[in-house]
Amino acid sequence: MRLWRTIKNHLLPWRGNSHRPHILRRNWLVAFLGLALVSEGVILGHTALKEGPNVFLAAVVRADVIGITQEARTDLGRGELRENETLNAAAQAKAQDMASKGYFSHVTPSGEQPWVWFERQGYNYVYAGENLAVRFNDSKDVVDAWMASPTHRANIAKAQYQEIGVGIAEGRYKGEMATFVVQFFASPAAGVAAGPQVSSVPEATDPVAGAEIGPAPAGSFMQSATRFAANLFTESGPAASWILATIAAVLITVLALTFFIRIQVQPTDLLLPGIAAALAVVLLLGANSKFLPAMTSQSASVSLSASEGDVGEAAAVERANIAFPEHPNQ
């Protein structure tokens with residue numbers, strides 16, 4: 001009973017509160033506006049992180065992808081792969097091509113097969129394969145997704161492969177900013193220098209461009225905290241939009257009840273500030289609806305799997321696989 005009386009006093013104009021809902025008092029309106037502004041900040045942050053280049057969310061790093069792949073091969077009883085600069089360059093060229101043209105496929109829009117990237121870098125191979133991924137924000141998530149798919153896993157586990165290269169690029173995919181990841185596997189042709197091997201000395205890093213060619217440096221506390229905040233913005237965007245809509249609905253409902261229930265007596269000292277607060281929140285909602293994109297989140301991964309035989313292709317869906325047999329160059 002006491003709880004119901006409190007709710008009535010705050011939300012309904014009635015005799016017990018002299019037809020003056022507490023929620024229209026100044027302190028409550030200030031609190032609502034503050035919450036609305038915070039929610040709007042979260043919404044804008046969500047949109048900025050989703051739509052713009054972001055080094056904190058796009059934390060797929062070449063050295064990490066290669067290192068986690070090496071661990072996966074070790075767990076499978078396979079030998080370690082050598083990181084090769086020529087393969088890195090080939091994979092980076094393919095990643096940048098997908099990012100710049102906005103496609104995600106083993107075959108380019110002009111019909112070029114994956115193996116053209118090896119040839120352009122002068123890499124002579126006996127066997128070659130490719131794994132692709134897009135819309136992932138973490139190196140481990142990429143490799144885990146590959147390992148969860150038979151075609152990805154077959155590439156990673158193939159004993160014939162001796163060398164590896166990875167390319168990472170940022171671009172637009174299906175209208176949204178996304179990280180494109182290309183992983184090349186190969187065995188160089190016997191007696192042919194396929195390119196210099198990568199030194200194990202740590203090099204300068206650039207997560208967005210995928211320039212890492214050495215062990216990944218340990219992240220600082222500030223980097224971790226910033227990435228946590230970025231992820232929080234990304235996850236909280238839809239909830240913040242819902243909060244903003246709820247504030248508007250509550251204020252409009254209480255204002256209408258206050259105006260109509262006792263129309264002969266209007267508490268203008270409450271109604272006018274309440275109308276101003278409700279109008280401000282409604283304007284924020286309208287601006288968001290008009291100028292900001294819908295808050296959606298999608299992910300996908302695709303793999304090119306290598307196994308001896310003729311080249312063929314299977315259907316692809318979100319978070320599923322495209323499978324190509326291996327491309328032997330014999």
# chains A, B, ... in the order shown; residues from 1 in each chain; ligands from 1
call {"tool": "residues_around", "arguments": {"residues": "Val142 of chain A", "least_positions_apart": "2", "cutoff": "12 Å", "atoms": "only C-alpha atoms", "output": "ChimeraX atom specification"}}
result
/A:58-62,64-66,68-69,131-140,144-149,152-153,168,179-183,299-303,319
call {"tool": "write_last_selection", "arguments": {"atoms": "N, CA and C atoms", "output": "short mmCIF file (atom, residue, chain, number, x, y, z; two decimals), in the first residue's frame"}}
result
data_model
loop_
_atom_site.label_atom_id
_atom_site.label_comp_id
_atom_site.auth_asym_id
_atom_site.auth_seq_id
_atom_site.Cartn_x
_atom_site.Cartn_y
_atom_site.Cartn_z
N ALA A 58 39.05 -2.52 -33.40
CA ALA A 58 39.66 -3.28 -34.49
C ALA A 58 41.01 -3.80 -34.04
N ALA A 59 41.00 -4.63 -33.00
CA ALA A 59 42.23 -5.09 -32.38
C ALA A 59 42.62 -6.46 -32.89
N VAL A 60 42.45 -6.68 -34.19
CA VAL A 60 42.96 -7.91 -34.79
C VAL A 60 44.38 -7.60 -35.25
N VAL A 61 45.33 -8.31 -34.68
CA VAL A 61 46.74 -8.01 -34.87
C VAL A 61 47.43 -9.18 -35.56
N ARG A 62 48.24 -8.84 -36.55
CA ARG A 62 48.90 -9.89 -37.35
C ARG A 62 49.68 -10.86 -36.47
N ASP A 64 49.39 -11.60 -33.37
CA ASP A 64 48.51 -12.41 -32.54
C ASP A 64 47.83 -13.51 -33.34
N VAL A 65 47.33 -13.17 -34.52
CA VAL A 65 46.67 -14.17 -35.36
C VAL A 65 47.64 -15.30 -35.69
N ILE A 66 48.87 -14.93 -36.05
CA ILE A 66 49.87 -15.96 -36.38
C ILE A 66 50.23 -16.77 -35.15
N ILE A 68 48.46 -17.34 -32.35
CA ILE A 68 47.37 -18.22 -31.94
C ILE A 68 47.20 -19.37 -32.92
N THR A 69 47.43 -19.10 -34.19
CA THR A 69 47.39 -20.18 -35.20
C THR A 69 48.49 -21.20 -34.93
N ASN A 131 42.53 -18.44 -45.66
CA ASN A 131 41.42 -18.26 -44.73
C ASN A 131 41.05 -16.78 -44.73
N LEU A 132 39.76 -16.48 -44.70
CA LEU A 132 39.29 -15.10 -44.66
C LEU A 132 38.37 -14.90 -43.46
N ALA A 133 38.35 -13.68 -42.95
CA ALA A 133 37.42 -13.33 -41.88
C ALA A 133 37.07 -11.86 -42.00
N VAL A 134 35.89 -11.50 -41.55
CA VAL A 134 35.47 -10.10 -41.54
C VAL A 134 34.55 -9.88 -40.36
N ARG A 135 34.52 -8.62 -39.87
CA ARG A 135 33.67 -8.22 -38.75
C ARG A 135 34.04 -8.91 -37.45
N PHE A 136 35.31 -9.18 -37.24
CA PHE A 136 35.78 -9.65 -35.95
C PHE A 136 36.61 -8.54 -35.32
N ASN A 137 36.58 -8.45 -33.98
CA ASN A 137 37.28 -7.38 -33.27
C ASN A 137 38.41 -7.90 -32.38
N ASP A 138 38.71 -9.18 -32.46
CA ASP A 138 39.73 -9.74 -31.58
C ASP A 138 40.44 -10.87 -32.31
N SER A 139 41.76 -10.91 -32.18
CA SER A 139 42.56 -11.92 -32.88
C SER A 139 42.16 -13.33 -32.49
N LYS A 140 41.96 -13.56 -31.20
CA LYS A 140 41.62 -14.91 -30.74
C LYS A 140 40.25 -15.33 -31.27
N ASP A 144 39.60 -18.72 -33.25
CA ASP A 144 38.63 -19.63 -32.66
C ASP A 144 37.51 -19.96 -33.65
N ALA A 145 37.05 -18.94 -34.39
CA ALA A 145 36.00 -19.18 -35.38
C ALA A 145 36.51 -20.07 -36.50
N TRP A 146 37.73 -19.85 -36.93
CA TRP A 146 38.31 -20.72 -37.96
C TRP A 146 38.42 -22.16 -37.46
N MET A 147 38.87 -22.32 -36.22
CA MET A 147 39.05 -23.67 -35.68
C MET A 147 37.71 -24.36 -35.47
N ALA A 148 36.63 -23.60 -35.31
CA ALA A 148 35.31 -24.20 -35.12
C ALA A 148 34.70 -24.67 -36.43
N SER A 149 35.31 -24.30 -37.54
CA SER A 149 34.80 -24.70 -38.85
C SER A 149 35.72 -25.75 -39.46
N HIS A 152 38.07 -24.16 -42.20
CA HIS A 152 39.12 -23.33 -41.62
C HIS A 152 40.17 -24.23 -40.95
N ARG A 153 39.66 -25.15 -40.15
CA ARG A 153 40.55 -26.03 -39.38
C ARG A 153 41.45 -26.85 -40.30
N ILE A 168 45.77 -7.53 -42.67
CA ILE A 168 44.61 -6.96 -41.97
C ILE A 168 44.37 -5.56 -42.49
N THR A 179 36.73 -4.93 -40.06
CA THR A 179 38.11 -5.38 -40.18
C THR A 179 38.15 -6.62 -41.06
N PHE A 180 38.95 -6.57 -42.13
CA PHE A 180 39.13 -7.70 -43.04
C PHE A 180 40.43 -8.41 -42.70
N VAL A 181 40.37 -9.73 -42.58
CA VAL A 181 41.55 -10.52 -42.23
C VAL A 181 41.78 -11.57 -43.31
N VAL A 182 43.02 -11.64 -43.78
CA VAL A 182 43.42 -12.64 -44.78
C VAL A 182 44.58 -13.44 -44.21
N GLN A 183 44.46 -14.75 -44.27
CA GLN A 183 45.52 -15.64 -43.80
C GLN A 183 45.93 -16.56 -44.95
N SER A 299 28.25 -10.18 -37.51
CA SER A 299 29.59 -10.71 -37.70
C SER A 299 29.53 -11.80 -38.75
N ALA A 300 30.66 -12.01 -39.39
CA ALA A 300 30.71 -13.07 -40.39
C ALA A 300 32.12 -13.56 -40.52
N SER A 301 32.29 -14.79 -40.94
CA SER A 301 33.61 -15.32 -41.23
C SER A 301 33.52 -16.22 -42.43
N VAL A 302 34.57 -16.23 -43.21
CA VAL A 302 34.60 -17.08 -44.40
C VAL A 302 35.98 -17.68 -44.50
N SER A 303 36.09 -18.88 -45.01
CA SER A 303 37.41 -19.51 -45.13
C SER A 303 37.62 -20.07 -46.51
N ARG A 319 28.53 -15.95 -40.76
CA ARG A 319 29.21 -16.83 -39.81
C ARG A 319 29.19 -18.28 -40.28
#
call {"tool": "closest_residue", "arguments": {"among": "A:Leu37, A:Ile243, A:Ala72, A:Ala93", "to": "Ile156 of chain A", "atoms": "only C-alpha atoms"}}
result
A:Ala72
call {"tool": "closest_residue", "arguments": {"among": "A:Gly274, A:Gly286, A:Pro109, A:Gly237", "to": "Val38 of chain A", "atoms": "only C-alpha atoms"}}
result
A:Gly237
call {"tool": "closest_residue", "arguments": {"among": "A:Arg73, A:Leu271, A:Gly165, A:Leu284", "to": "Thr253 of chain A", "atoms": "only C-alpha atoms"}}
result
A:Leu271
call {"tool": "residues_around", "arguments": {"residues": "Glu40 of chain A", "least_positions_apart": "3", "cutoff": "8 Å", "atoms": "only C-alpha atoms", "output": "list of chain:residue names"}}
result
A:Ala36, A:Leu37, A:Ile43, A:Leu44, A:Ala240, A:Ser241, A:Leu244, A:Leu284
call {"tool": "write_last_selection", "arguments": {"atoms": "N, CA, C and O atoms", "output": "mmCIF file, in the first residue's frame"}}
result
data_model
loop_
_atom_site.group_PDB
_atom_site.id
_atom_site.type_symbol
_atom_site.label_atom_id
_atom_site.label_comp_id
_atom_site.auth_asym_id
_atom_site.auth_seq_id
_atom_site.Cartn_x
_atom_site.Cartn_y
_atom_site.Cartn_z
ATOM 1 N N ALA A 36 19.065 11.680 -19.784
ATOM 2 C CA ALA A 36 18.877 11.742 -21.231
ATOM 3 C C ALA A 36 20.167 12.137 -21.931
ATOM 4 O O ALA A 36 20.519 11.579 -22.977
ATOM 5 N N LEU A 37 20.896 13.104 -21.363
ATOM 6 C CA LEU A 37 22.151 13.533 -21.971
ATOM 7 C C LEU A 37 23.209 12.430 -21.917
ATOM 8 O O LEU A 37 23.968 12.233 -22.868
ATOM 9 N N ILE A 43 24.762 6.802 -27.036
ATOM 10 C CA ILE A 43 24.284 6.525 -28.395
ATOM 11 C C ILE A 43 25.263 7.067 -29.428
ATOM 12 O O ILE A 43 25.612 6.390 -30.401
ATOM 13 N N LEU A 44 25.729 8.298 -29.228
ATOM 14 C CA LEU A 44 26.681 8.886 -30.167
ATOM 15 C C LEU A 44 28.004 8.125 -30.156
ATOM 16 O O LEU A 44 28.624 7.911 -31.196
ATOM 17 N N ALA A 240 20.717 2.439 -24.314
ATOM 18 C CA ALA A 240 20.634 3.883 -24.103
ATOM 19 C C ALA A 240 19.499 4.487 -24.927
ATOM 20 O O ALA A 240 18.791 5.386 -24.467
ATOM 21 N N SER A 241 19.317 4.006 -26.132
ATOM 22 C CA SER A 241 18.221 4.487 -26.969
ATOM 23 C C SER A 241 16.875 4.144 -26.344
ATOM 24 O O SER A 241 15.940 4.952 -26.355
ATOM 25 N N LEU A 244 16.214 6.538 -23.446
ATOM 26 C CA LEU A 244 15.796 7.848 -23.934
ATOM 27 C C LEU A 244 14.316 7.829 -24.302
ATOM 28 O O LEU A 244 13.563 8.756 -23.966
ATOM 29 N N LEU A 284 15.827 14.982 -29.205
ATOM 30 C CA LEU A 284 16.980 14.072 -29.275
ATOM 31 C C LEU A 284 16.601 12.782 -30.004
ATOM 32 O O LEU A 284 17.353 12.292 -30.854
#
call {"tool": "atom_distance", "arguments": {"atom1": "atom CA of Trp115 of chain A", "atom2": "atom CA of Ala154 of chain A"}}
result
18.1 Å
call {"tool": "closest_residue", "arguments": {"among": "A:Glu170, A:Asp141, A:Glu119, A:Asp75", "to": "Pro188 of chain A", "atoms": "only C-alpha atoms"}}
result
A:Glu119
